[in-house]
$ cat data_18.cif   # mmCIF, C-alpha atoms
data_data
#
loop_
_atom_site.label_atom_id
_atom_site.label_comp_id
_atom_site.auth_asym_id
_atom_site.auth_seq_id
_atom_site.Cartn_x
_atom_site.Cartn_y
_atom_site.Cartn_z
CA MET A 1 -7.53 23.74 26.08
CA ARG A 2 -6.62 26.62 23.81
CA PHE A 3 -4.06 26.97 21.02
CA ILE A 4 -3.39 28.84 17.77
CA ILE A 5 -1.76 26.87 14.97
CA ASN A 6 -0.49 27.34 11.42
CA ARG A 7 -3.39 26.27 9.19
CA ASP A 8 -1.42 24.49 6.42
CA ARG A 9 0.54 22.32 8.84
CA PHE A 10 -2.58 21.49 10.86
CA VAL A 11 -4.59 20.54 7.74
CA GLN A 12 -1.80 18.24 6.53
CA ASP A 13 -1.62 16.34 9.84
CA VAL A 14 -5.40 16.16 10.29
CA GLN A 15 -5.64 14.62 6.79
CA HIS A 16 -3.00 12.04 7.74
CA VAL A 17 -4.74 10.84 10.91
CA ALA A 18 -8.20 10.98 9.27
CA LYS A 19 -7.00 8.17 6.94
CA ALA A 20 -7.20 5.78 9.89
CA VAL A 21 -10.73 6.75 10.94
CA SER A 22 -13.58 4.58 9.66
CA SER A 23 -17.20 5.72 9.62
CA ARG A 24 -18.26 2.07 9.84
CA THR A 25 -16.81 1.39 13.30
CA THR A 26 -19.11 0.09 16.04
CA ILE A 27 -17.15 2.04 18.69
CA PRO A 28 -18.47 5.65 18.67
CA ILE A 29 -15.29 7.24 20.10
CA LEU A 30 -13.28 5.87 17.12
CA THR A 31 -15.26 8.03 14.68
CA GLY A 32 -13.30 10.96 16.13
CA ILE A 33 -9.78 12.41 16.05
CA LYS A 34 -8.12 12.82 19.43
CA ILE A 35 -6.33 16.16 19.91
CA VAL A 36 -3.93 16.66 22.79
CA ALA A 37 -2.15 19.97 23.52
CA ASN A 38 0.77 19.98 25.94
CA ARG A 39 3.98 21.94 26.53
CA GLY A 40 5.83 20.32 23.59
CA GLY A 41 3.13 20.71 20.92
CA ILE A 42 -0.01 19.09 19.51
CA THR A 43 -0.58 15.34 19.16
CA LEU A 44 -3.35 14.06 16.82
CA THR A 45 -4.56 10.45 16.79
CA GLY A 46 -6.95 8.56 14.50
CA SER A 47 -7.78 4.85 14.67
CA ASP A 48 -10.21 2.21 13.48
CA SER A 49 -8.63 -0.43 15.79
CA ASP A 50 -6.94 -2.09 12.75
CA VAL A 51 -4.90 0.97 11.74
CA SER A 52 -3.87 3.77 14.09
CA ILE A 53 -2.03 6.94 13.04
CA GLU A 54 -0.53 9.44 15.48
CA THR A 55 1.16 12.66 14.40
CA PHE A 56 3.00 15.22 16.49
CA ILE A 57 3.22 18.92 15.61
CA PRO A 58 6.05 20.55 17.60
CA LYS A 59 5.72 24.13 18.90
CA GLU A 60 8.40 25.20 16.49
CA SER A 61 10.34 23.72 13.60
CA GLU A 62 13.59 25.06 12.12
CA GLY A 63 13.21 28.26 14.10
CA THR A 64 9.64 28.95 12.91
CA GLU A 65 6.82 28.94 15.43
CA ILE A 66 3.98 26.61 14.37
CA VAL A 67 1.81 26.50 17.51
CA GLN A 68 1.11 28.87 20.40
CA ILE A 69 -0.37 26.92 23.31
CA SER A 70 -2.07 29.05 25.94
CA GLU A 71 -3.86 26.22 27.77
CA GLU A 72 -3.10 22.49 27.78
CA GLY A 73 -5.83 19.90 27.40
CA SER A 74 -7.43 17.31 25.11
CA ILE A 75 -10.64 16.50 23.22
CA VAL A 76 -12.03 14.09 20.61
CA LEU A 77 -13.79 15.70 17.62
CA GLN A 78 -15.85 13.98 14.90
CA ALA A 79 -13.38 13.28 12.09
CA ARG A 80 -15.92 13.54 9.28
CA PHE A 81 -16.78 17.17 10.08
CA PHE A 82 -13.54 18.32 11.66
CA ALA A 83 -11.27 17.27 8.75
CA GLU A 84 -13.52 19.04 6.22
CA ILE A 85 -13.87 22.17 8.36
CA VAL A 86 -10.13 22.78 8.88
CA LYS A 87 -9.48 22.19 5.16
CA LYS A 88 -11.97 24.91 4.17
CA LEU A 89 -11.17 27.55 6.81
CA PRO A 90 -10.23 30.92 5.31
CA GLY A 91 -7.34 32.19 7.45
CA GLU A 92 -3.62 31.48 7.75
CA GLU A 93 -4.08 30.40 11.37
CA ILE A 94 -6.64 28.35 13.28
CA GLU A 95 -7.58 28.89 16.92
CA LEU A 96 -9.05 25.91 18.74
CA SER A 97 -10.46 26.23 22.25
CA VAL A 98 -12.44 23.86 24.47
CA GLN A 99 -14.92 24.91 27.16
CA ASP A 100 -16.86 22.78 29.66
CA GLN A 101 -18.72 19.64 28.53
CA PHE A 102 -16.27 19.15 25.65
CA ALA A 103 -17.67 22.02 23.61
CA ALA A 104 -15.05 23.12 21.07
CA THR A 105 -14.78 26.41 19.18
CA ILE A 106 -12.75 26.64 15.99
CA ARG A 107 -11.96 30.14 14.66
CA SER A 108 -10.15 31.30 11.56
CA ASP A 109 -10.51 34.87 10.28
CA SER A 110 -14.22 35.61 10.55
CA ALA A 111 -15.36 31.93 10.47
CA VAL A 112 -16.41 30.39 13.79
CA PHE A 113 -17.48 26.75 14.21
CA ASN A 114 -18.84 25.33 17.45
CA LEU A 115 -18.50 21.55 17.64
CA ASN A 116 -19.60 19.03 20.26
CA GLY A 117 -16.66 16.89 21.30
CA LEU A 118 -16.28 13.57 23.13
CA ASP A 119 -14.41 12.64 26.30
CA PRO A 120 -10.74 11.96 25.42
CA GLU A 121 -10.42 9.63 28.43
CA GLU A 122 -12.59 7.11 26.57
CA TYR A 123 -10.20 7.01 23.61
CA PRO A 124 -8.20 3.74 23.52
CA ARG A 125 -4.48 3.95 24.28
CA LEU A 126 -2.09 3.18 21.43
CA PRO A 127 0.02 0.05 21.96
CA GLN A 128 3.52 0.39 23.43
CA LEU A 129 5.66 -1.90 21.29
CA GLU A 130 8.92 -3.62 22.22
CA GLU A 131 11.47 -2.58 19.60
CA ASP A 132 13.37 -5.89 19.44
CA LEU A 133 12.67 -6.57 15.75
CA MET A 134 13.44 -3.37 13.91
CA PHE A 135 14.87 -2.37 10.52
CA ARG A 136 15.04 0.79 8.38
CA LEU A 137 14.51 1.56 4.74
CA PRO A 138 14.04 4.73 2.64
CA GLN A 139 10.48 6.03 2.22
CA ASP A 140 10.59 6.02 -1.59
CA MET A 141 11.76 2.39 -1.62
CA LEU A 142 8.99 1.33 0.76
CA LYS A 143 6.42 3.22 -1.35
CA ASN A 144 7.67 1.39 -4.46
CA MET A 145 7.62 -1.99 -2.73
CA ILE A 146 3.97 -1.45 -1.75
CA ARG A 147 3.05 -0.32 -5.29
CA GLN A 148 4.73 -3.35 -6.85
CA THR A 149 3.07 -5.95 -4.59
CA VAL A 150 -0.18 -4.77 -2.99
CA PHE A 151 -2.23 -4.93 -6.21
CA ALA A 152 -1.85 -8.74 -6.17
CA VAL A 153 -3.47 -9.35 -2.76
CA SER A 154 -6.75 -11.25 -2.70
CA THR A 155 -10.02 -9.33 -2.47
CA GLN A 156 -11.86 -12.45 -1.28
CA GLU A 157 -12.31 -12.86 2.48
CA THR A 158 -12.47 -16.67 2.17
CA ARG A 159 -8.73 -16.88 2.98
CA PRO A 160 -8.14 -13.74 5.05
CA VAL A 161 -4.34 -14.20 5.17
CA LEU A 162 -4.17 -13.71 1.36
CA THR A 163 -5.70 -10.21 1.68
CA GLY A 164 -2.33 -9.06 3.03
CA VAL A 165 1.30 -8.72 1.92
CA ASN A 166 3.75 -11.12 3.58
CA LEU A 167 7.05 -9.73 4.90
CA GLU A 168 10.11 -11.78 5.73
CA VAL A 169 13.71 -10.88 6.41
CA GLU A 170 16.72 -13.09 5.86
CA ASN A 171 20.35 -12.37 4.97
CA GLU A 172 19.88 -8.57 5.17
CA GLU A 173 17.12 -8.80 2.60
CA LEU A 174 13.46 -7.85 3.01
CA ILE A 175 11.13 -9.96 0.83
CA CYS A 176 7.54 -8.77 0.23
CA THR A 177 5.11 -11.25 -1.34
CA ALA A 178 1.47 -10.88 -2.35
CA THR A 179 -0.70 -13.56 -3.95
CA ASP A 180 -4.39 -14.21 -4.56
CA SER A 181 -3.55 -17.84 -5.57
CA HIS A 182 -3.84 -16.98 -9.31
CA ARG A 183 -0.94 -14.53 -9.46
CA LEU A 184 2.02 -13.62 -7.28
CA ALA A 185 4.12 -10.47 -6.95
CA MET A 186 7.46 -10.60 -5.13
CA ARG A 187 9.80 -7.70 -4.38
CA LYS A 188 13.14 -7.79 -2.55
CA ALA A 189 15.21 -5.00 -1.01
CA THR A 190 18.32 -4.58 1.09
CA ILE A 191 17.61 -3.00 4.47
CA GLU A 192 19.44 -1.40 7.36
CA ARG A 193 19.04 -3.26 10.63
CA ASN A 194 20.19 -2.67 14.19
CA ASP A 195 20.69 -6.37 14.89
CA GLU A 196 22.86 -8.55 12.65
CA THR A 197 20.77 -11.62 13.47
CA LEU A 198 17.44 -10.01 12.51
CA LYS A 199 15.25 -12.64 10.89
CA PHE A 200 11.48 -13.11 10.75
CA SER A 201 8.77 -14.54 8.51
CA ASN A 202 4.97 -14.73 8.27
CA VAL A 203 4.42 -11.04 9.05
CA VAL A 204 1.27 -10.35 7.02
CA ILE A 205 0.11 -6.73 6.74
CA PRO A 206 -3.45 -6.10 5.46
CA GLY A 207 -3.44 -4.70 1.93
CA LYS A 208 -5.82 -1.92 3.06
CA SER A 209 -3.30 -0.76 5.69
CA LEU A 210 -0.49 -0.63 3.12
CA ASN A 211 -2.63 1.39 0.69
CA GLU A 212 -3.18 4.00 3.44
CA LEU A 213 0.50 3.96 4.42
CA SER A 214 1.48 4.50 0.79
CA LYS A 215 -0.48 7.80 0.72
CA ILE A 216 1.60 9.09 3.64
CA LEU A 217 5.00 8.01 2.29
CA ASP A 218 7.00 10.67 0.44
CA GLU A 219 9.20 10.26 -2.62
CA THR A 220 12.30 10.96 -0.50
CA ASN A 221 15.15 8.81 0.75
CA ASP A 222 14.41 9.77 4.39
CA LEU A 223 14.50 6.61 6.44
CA VAL A 224 11.46 5.06 8.09
CA ASP A 225 11.87 2.70 11.06
CA VAL A 226 9.81 -0.50 10.93
CA VAL A 227 9.08 -2.28 14.22
CA VAL A 228 7.59 -5.78 14.13
CA THR A 229 5.84 -7.53 17.03
CA GLU A 230 3.66 -10.63 17.24
CA ASN A 231 0.40 -8.97 16.18
CA GLN A 232 1.30 -5.35 15.28
CA ILE A 233 3.65 -3.52 12.95
CA LEU A 234 4.73 0.09 13.45
CA PHE A 235 6.18 2.48 10.85
CA LYS A 236 7.99 5.37 12.60
CA PHE A 237 8.54 8.66 10.79
CA GLU A 238 10.02 11.83 12.24
CA ASN A 239 6.71 13.15 13.61
CA LEU A 240 4.28 10.36 12.68
CA LEU A 241 3.55 6.83 13.91
CA PHE A 242 1.58 4.39 11.74
CA PHE A 243 0.38 1.22 13.51
CA SER A 244 -1.33 -1.69 11.77
CA ARG A 245 -2.54 -4.98 13.15
CA LEU A 246 -1.16 -8.09 11.44
CA LEU A 247 -3.30 -10.78 9.85
CA GLU A 248 -3.48 -14.13 11.62
CA GLY A 249 -2.83 -17.42 9.87
CA LYS A 250 -0.01 -19.13 8.04
CA TYR A 251 0.99 -17.48 4.76
CA PRO A 252 1.58 -20.08 2.00
CA VAL A 253 5.20 -20.96 1.25
CA THR A 254 5.75 -19.36 -2.16
CA LYS A 255 9.47 -19.90 -2.76
CA ASN A 256 8.91 -23.36 -4.25
CA MET A 257 6.33 -22.03 -6.73
CA ILE A 258 8.85 -20.05 -8.76
CA PRO A 259 10.17 -22.10 -11.71
CA THR A 260 13.93 -22.43 -12.09
CA GLN A 261 14.11 -23.65 -15.69
CA SER A 262 12.16 -22.77 -18.83
CA LYS A 263 10.82 -24.46 -21.96
CA THR A 264 10.21 -21.20 -23.81
CA SER A 265 11.31 -17.68 -23.00
CA PHE A 266 11.35 -14.36 -24.78
CA LYS A 267 12.37 -10.78 -24.22
CA LEU A 268 9.98 -7.99 -25.13
CA LYS A 269 9.58 -4.25 -25.01
CA LYS A 270 7.15 -3.71 -22.16
CA ARG A 271 5.11 -0.82 -23.54
CA PRO A 272 4.04 -2.34 -26.90
CA PHE A 273 3.20 -5.62 -25.13
CA LEU A 274 1.08 -3.78 -22.53
CA HIS A 275 -0.81 -1.86 -25.24
CA THR A 276 -1.42 -5.06 -27.23
CA LEU A 277 -2.90 -6.77 -24.16
CA GLU A 278 -5.07 -3.73 -23.40
CA ARG A 279 -6.50 -3.87 -26.91
CA ALA A 280 -7.12 -7.62 -26.63
CA LEU A 281 -8.88 -7.09 -23.30
CA LEU A 282 -11.40 -4.76 -24.96
CA LEU A 283 -13.24 -7.87 -26.18
CA SER A 284 -12.49 -10.39 -23.44
CA ARG A 285 -13.27 -8.30 -20.37
CA GLU A 286 -16.95 -9.30 -20.59
CA GLY A 287 -15.88 -12.88 -19.89
CA LYS A 288 -15.22 -14.46 -16.53
CA ASN A 289 -11.43 -14.70 -16.57
CA ASN A 290 -10.43 -11.93 -19.03
CA VAL A 291 -8.90 -14.70 -21.16
CA ILE A 292 -6.17 -13.76 -23.63
CA ASN A 293 -4.38 -16.38 -25.76
CA LEU A 294 -0.70 -16.23 -26.65
CA LYS A 295 1.03 -18.29 -29.36
CA THR A 296 4.60 -18.19 -30.62
CA LEU A 297 5.09 -17.93 -34.39
CA GLU A 298 8.23 -18.03 -36.57
CA ASN A 299 10.93 -15.33 -36.59
CA GLY A 300 10.28 -14.32 -32.97
CA LEU A 301 6.69 -13.20 -33.61
CA ILE A 302 4.08 -13.64 -30.89
CA GLU A 303 0.38 -13.81 -31.71
CA ILE A 304 -2.09 -12.40 -29.17
CA THR A 305 -5.75 -13.28 -29.66
CA SER A 306 -8.92 -12.79 -27.71
CA VAL A 307 -12.34 -14.19 -28.55
CA SER A 308 -15.71 -13.25 -27.15
CA PRO A 309 -18.48 -15.40 -28.71
CA GLU A 310 -21.07 -12.61 -28.41
CA VAL A 311 -18.79 -9.73 -29.44
CA GLY A 312 -16.10 -10.92 -31.84
CA LYS A 313 -12.39 -11.65 -32.10
CA VAL A 314 -9.13 -9.69 -32.11
CA THR A 315 -5.73 -10.87 -33.37
CA GLU A 316 -2.47 -8.93 -33.15
CA ASN A 317 1.16 -9.90 -33.71
CA ILE A 318 4.01 -8.47 -31.69
CA GLN A 319 7.75 -8.81 -32.39
CA SER A 320 9.93 -10.14 -29.57
CA VAL A 321 13.46 -8.83 -29.05
CA GLU A 322 14.76 -12.38 -28.52
CA MET A 323 13.14 -15.83 -28.29
CA ASP A 324 14.40 -19.23 -27.08
CA GLY A 325 12.90 -22.68 -26.73
CA GLU A 326 10.03 -24.62 -28.22
CA GLU A 327 6.74 -23.46 -29.74
CA MET A 328 4.23 -22.34 -27.19
CA ARG A 329 0.51 -21.78 -26.81
CA ILE A 330 -0.98 -20.57 -23.52
CA SER A 331 -4.06 -18.76 -22.19
CA PHE A 332 -4.02 -16.40 -19.21
CA ASN A 333 -5.98 -13.75 -17.37
CA GLY A 334 -5.10 -10.61 -19.32
CA LYS A 335 -6.09 -8.18 -16.58
CA ASN A 336 -3.69 -9.80 -14.09
CA VAL A 337 -0.76 -9.49 -16.51
CA ILE A 338 -1.67 -5.87 -17.36
CA ASP A 339 -1.76 -4.99 -13.62
CA ALA A 340 1.77 -6.35 -13.25
CA LEU A 341 3.17 -4.66 -16.38
CA LYS A 342 1.93 -1.30 -15.10
CA VAL A 343 4.12 -1.51 -11.98
CA ILE A 344 7.28 -2.78 -13.70
CA ASP A 345 9.74 0.14 -13.91
CA SER A 346 11.70 -1.28 -16.82
CA GLU A 347 11.48 -0.88 -20.58
CA ASP A 348 12.43 -4.49 -21.31
CA ILE A 349 10.91 -7.61 -19.79
CA HIS A 350 11.72 -11.31 -19.77
CA ILE A 351 8.84 -13.83 -19.87
CA ILE A 352 9.66 -17.42 -18.90
CA PHE A 353 7.27 -20.31 -19.64
CA THR A 354 7.57 -23.85 -18.27
CA GLY A 355 4.63 -25.36 -20.18
CA ALA A 356 1.10 -24.59 -21.35
CA MET A 357 -0.47 -25.57 -18.01
CA SER A 358 2.31 -24.40 -15.67
CA PRO A 359 2.80 -20.98 -14.04
CA PHE A 360 4.90 -18.46 -15.97
CA VAL A 361 7.14 -15.63 -14.79
CA ILE A 362 7.55 -12.02 -15.93
CA ARG A 363 10.54 -10.07 -14.64
CA PRO A 364 12.40 -6.91 -15.67
CA ILE A 365 15.63 -7.53 -17.59
CA ASP A 366 17.77 -4.84 -15.98
CA HIS A 367 17.38 -5.95 -12.34
CA SER A 368 16.47 -9.06 -10.41
CA HIS A 369 14.79 -7.70 -7.28
CA TYR A 370 11.22 -8.38 -8.33
CA LEU A 371 9.14 -10.81 -10.34
CA HIS A 372 5.52 -11.69 -11.14
CA LEU A 373 4.15 -15.21 -11.41
CA PHE A 374 0.84 -16.15 -13.11
CA SER A 375 -1.26 -19.28 -13.35
CA PRO A 376 -2.49 -20.07 -16.87
CA VAL A 377 -6.23 -20.38 -17.57
CA ARG A 378 -7.70 -23.65 -18.89
CA THR A 379 -9.72 -22.97 -22.02
CA TYR A 380 -10.70 -26.54 -22.83
#

$ encode --input "data_18.cif" --output "C-alpha cells"
Amino acid sequence: MRFIINRDRFVQDVQHVAKAVSSRTTIPILTGIKIVANRGGITLTGSDSDVSIETFIPKESEGTEIVQISEEGSIVLQARFFAEIVKKLPGEEIELSVQDQFAATIRSDSAVFNLNGLDPEEYPRLPQLEEDLMFRLPQDMLKNMIRQTVFAVSTQETRPVLTGVNLEVENEELICTATDSHRLAMRKATIERNDETLKFSNVVIPGKSLNELSKILDETNDLVDVVVTENQILFKFENLLFFSRLLEGKYPVTKNMIPTQSKTSFKLKKRPFLHTLERALLLSREGKNNVINLKTLENGLIEITSVSPEVGKVTENIQSVEMDGEEMRISFNGKNVIDALKVIDSEDIHIIFTGAMSPFVIRPIDHSHYLHLFSPVRTY
C-alpha cells in the first residue's frame, strides 16, 4: 500500500476514528486504527466493540485532489502512536507506505517514522444494518439534544440501563430521556422520517457513546441519518459512520412521573437563580447530597439557604418574576439543579412544585420541548 494525502484532512479523520479506540480493550487488534486504500479513496476505522467509527476520505472533493493512491492495500496501526504522529508531522502532505510483514513508513517533509503494523484481516467487520427504522435530523439539533439530556444519566453501574439515554419515536416526534432516578431530563424534537408509521421505544444509547458522538457533530443544519436496529444504532454522515451498541434492559416508564398540576409555581430569571445556587453550593458541596433549601416569602421573594454544620450558613433572597399558589419549603440537590440550568437555552424559567416531598419540574418559558424533573431531598 502506498498513498500521499493532504495532512489536515487526514489528521481530522484520524482524530475522529481515534475517539472509538480504547486502550483498555482485551482484544489487541482493537487498539489500532484500520487503514484501507482502494481506487475510491481511504477508509479509516476505529472500534472498541461498543462504539465503532468509520470515515471515508475520497480521492477528490469539490474538484480538489486530497489523496494520490499509487498502490492499494490495508494495515492496522497502533492508534495511540499513530494519531499523535500524524498530528505533529511538519509537512502539508503525508506519505504512507507499507512493506512486507506489515511494516509501515510515514513521511512528511524530512520526518520519517517506521511503525510496526498488525494484520488487517484480523480486524472485526463492522455490522451491516437493515435500514428499516430510519429517521433524519439536523446535526446542530442532535448535538443540542445530547447536551440537554446526557448529563442526567446515571454514573452507577448498578442499573446499567440508566447509564444511557432512552430514545422513542411517536407521532413524528423524537423523545430523548435521561434519568439517574434522582433527576430526569427530557427533550423532544420533530424529525424527518422515510416511513409514516415509524415508531419505536426502549432504544437506550450509552451516555459515553453520545458524548463521543457529540464531539463529531457540527453546529450546522446538515442532516444526519439515524438507523435503529435491535442492538445497534448507526449515525450516518456524508463521509462518516458512527455505530454504537444499545444497552439491554427495560428503561423505566417516565411519562407518568411528570406532574400535571401544581401547588406552587413561580417564574424566574435563569441567570440570577443559577448564580444564587452556585453561591449556596459553596458551603453545601462538602455534604453528601449538596443540599440547598428553598422557601417562599411574601411579595414573590424566594429564600435560598444552605447550612454546613462544620463550615457555616448562607442565606440569599431572590425576586421571582411571578408567583402562584401556597407557601412552600423544599430541599433539593443543588448540583443537580445547577447542571440542568446550565443547559437551558432560555432567559426565563418556570418552576412547578407539587408538594414538599414530591418531584418538581423546571422548564423554559418560551418553548415546551424540554423539561427537567427533580426529586426533593429529605432533611428530617

$ residues_around --input "data_18.cif" --residues "Gln101 of chain A" --least-positions-apart "6" --cutoff "12 Å" --atoms "all atoms listed in the file" --output "JSON, numbers by chain"
{"A": [75, 76, 115, 116, 117, 118, 119, 120]}

$ resolve_selection --input "data_18.cif" --expression "the PyMOL selection byres ((chain A and resi 268) around 6)" --output "list in words"
Lys267, Lys269, Lys270, Ser320, Val321, Asp348 and Ile349 of chain A

$ closest_residue --input "data_18.cif" --among "A:Leu247, A:Met145, A:Leu126, A:Leu167" --to "Tyr370 of chain A" --atoms "all atoms listed in the file"
A:Met145

$ closest_residue --input "data_18.cif" --among "A:His182, A:Lys188, A:Lys19, A:Arg245" --to "Asp50 of chain A" --atoms "only C-alpha atoms"
A:Arg245

$ resolve_selection --input "data_18.cif" --expression "the PyMOL selection byres ((chain A and resi 291) around 7)" --output "list in words"
Ser284, Asn289, Asn290, Ile292, Asn293, Ser306, Ser331, Phe332, Asn333 and Gly334 of chain A

$ closest_residue --input "data_18.cif" --among "A:Leu30, A:Ile205, A:Ile362, A:Ile42" --to "Arg125 of chain A" --atoms "only C-alpha atoms"
A:Leu30

$ resolve_selection --input "data_18.cif" --expression "the PyMOL selection byres ((chain A and resi 41) around 12)" --output "PyMOL selection string"
chain A and resi 2-5+10+35-40+42-44+55-61+65-74+239

$ residues_around --input "data_18.cif" --residues "segment 217-226 of chain A" --least-positions-apart "4" --cutoff "8 Å" --atoms "all atoms listed in the file" --output "PyMOL selection string"
chain A and resi 134-143+213+233-237

$ closest_residue --input "data_18.cif" --among "A:Glu170, A:Glu298, A:Glu192, A:Glu131" --to "Gln232 of chain A" --atoms "all atoms listed in the file"
A:Glu131

$ atom_distance --input "data_18.cif" --atom1 "atom CA of Ile146 of chain A" --atom2 "atom CA of Ile330 of chain A"
29.4 Å

$ atom_distance --input "data_18.cif" --atom1 "atom CA of Ala18 of chain A" --atom2 "atom CA of Asn211 of chain A"
14.0 Å

$ residues_near_point --input "data_18.cif" --point "(6.9, -18.1, -13.0)" --cutoff "10 Å" --atoms "all atoms listed in the file" --output "list in words"
Arg183, Leu184, Met257, Ile258, Pro259, Thr260, Gln261, Ser262, Ile351, Ile352, Phe353, Thr354, Ser358, Pro359, Phe360, Val361, Ile362, Arg363, Leu371, His372, Leu373, Phe374 and Ser375 of chain A

$ residues_around --input "data_18.cif" --residues "Thr305 of chain A" --least-positions-apart "2" --cutoff "10 Å" --atoms "all atoms listed in the file" --output "list in words"
Thr276, Leu277, Arg279, Ala280, Leu281, Leu283, Ser284, Val291, Ile292, Asn293, Leu294, Lys295, Ile302, Glu303, Val307, Lys313, Val314, Thr315, Glu316, Asn317 and Ser331 of chain A

$ atom_distance --input "data_18.cif" --atom1 "atom CA of Thr31 of chain A" --atom2 "atom CA of Ile216 of chain A"
20.2 Å

$ decode --input "data_18.cif" --residues "segment 21-63 of chain A" --atoms "C-alpha atoms" --output "PDB file, in the first residue's frame"
ATOM      1  CA  VAL A  21     -10.378   3.276  20.240  1.00  0.00           C
ATOM      2  CA  SER A  22      -9.907   2.259  23.875  1.00  0.00           C
ATOM      3  CA  SER A  23      -6.521   1.470  25.389  1.00  0.00           C
ATOM      4  CA  ARG A  24      -8.280  -0.774  27.921  1.00  0.00           C
ATOM      5  CA  THR A  25      -9.574  -3.339  25.422  1.00  0.00           C
ATOM      6  CA  THR A  26      -8.662  -7.003  25.890  1.00  0.00           C
ATOM      7  CA  ILE A  27      -8.561  -7.520  22.097  1.00  0.00           C
ATOM      8  CA  PRO A  28      -5.108  -6.352  20.873  1.00  0.00           C
ATOM      9  CA  ILE A  29      -6.209  -5.596  17.282  1.00  0.00           C
ATOM     10  CA  LEU A  30      -8.781  -3.066  18.610  1.00  0.00           C
ATOM     11  CA  THR A  31      -6.007  -0.849  19.993  1.00  0.00           C
ATOM     12  CA  GLY A  32      -5.307   0.050  16.356  1.00  0.00           C
ATOM     13  CA  ILE A  33      -6.833   2.085  13.531  1.00  0.00           C
ATOM     14  CA  LYS A  34      -7.543   0.162  10.345  1.00  0.00           C
ATOM     15  CA  ILE A  35      -6.481   1.964   7.149  1.00  0.00           C
ATOM     16  CA  VAL A  36      -7.688   0.760   3.767  1.00  0.00           C
ATOM     17  CA  ALA A  37      -6.627   2.345   0.449  1.00  0.00           C
ATOM     18  CA  ASN A  38      -8.574   1.478  -2.688  1.00  0.00           C
ATOM     19  CA  ARG A  39      -9.495   3.101  -6.014  1.00  0.00           C
ATOM     20  CA  GLY A  40     -12.121   5.416  -4.467  1.00  0.00           C
ATOM     21  CA  GLY A  41     -10.069   6.748  -1.541  1.00  0.00           C
ATOM     22  CA  ILE A  42      -9.020   5.977   2.038  1.00  0.00           C
ATOM     23  CA  THR A  43     -11.233   4.340   4.673  1.00  0.00           C
ATOM     24  CA  LEU A  44     -10.270   4.612   8.377  1.00  0.00           C
ATOM     25  CA  THR A  45     -11.895   2.534  11.125  1.00  0.00           C
ATOM     26  CA  GLY A  46     -11.630   2.642  14.925  1.00  0.00           C
ATOM     27  CA  SER A  47     -13.590   0.494  17.378  1.00  0.00           C
ATOM     28  CA  ASP A  48     -13.743  -0.657  20.983  1.00  0.00           C
ATOM     29  CA  SER A  49     -16.574  -3.142  20.173  1.00  0.00           C
ATOM     30  CA  ASP A  50     -19.122  -0.812  21.891  1.00  0.00           C
ATOM     31  CA  VAL A  51     -18.528   2.163  19.582  1.00  0.00           C
ATOM     32  CA  SER A  52     -17.182   1.928  16.032  1.00  0.00           C
ATOM     33  CA  ILE A  53     -16.370   4.907  13.796  1.00  0.00           C
ATOM     34  CA  GLU A  54     -15.575   4.638  10.090  1.00  0.00           C
ATOM     35  CA  THR A  55     -14.623   7.605   7.936  1.00  0.00           C
ATOM     36  CA  PHE A  56     -14.048   7.778   4.198  1.00  0.00           C
ATOM     37  CA  ILE A  57     -11.694  10.256   2.513  1.00  0.00           C
ATOM     38  CA  PRO A  58     -12.482  10.446  -1.224  1.00  0.00           C
ATOM     39  CA  LYS A  59      -9.684  10.910  -3.780  1.00  0.00           C
ATOM     40  CA  GLU A  60     -11.019  14.343  -4.546  1.00  0.00           C
ATOM     41  CA  SER A  61     -13.607  16.724  -3.161  1.00  0.00           C
ATOM     42  CA  GLU A  62     -15.111  19.742  -4.946  1.00  0.00           C
ATOM     43  CA  GLY A  63     -12.502  19.462  -7.676  1.00  0.00           C
TER      44      GLY A  63
END
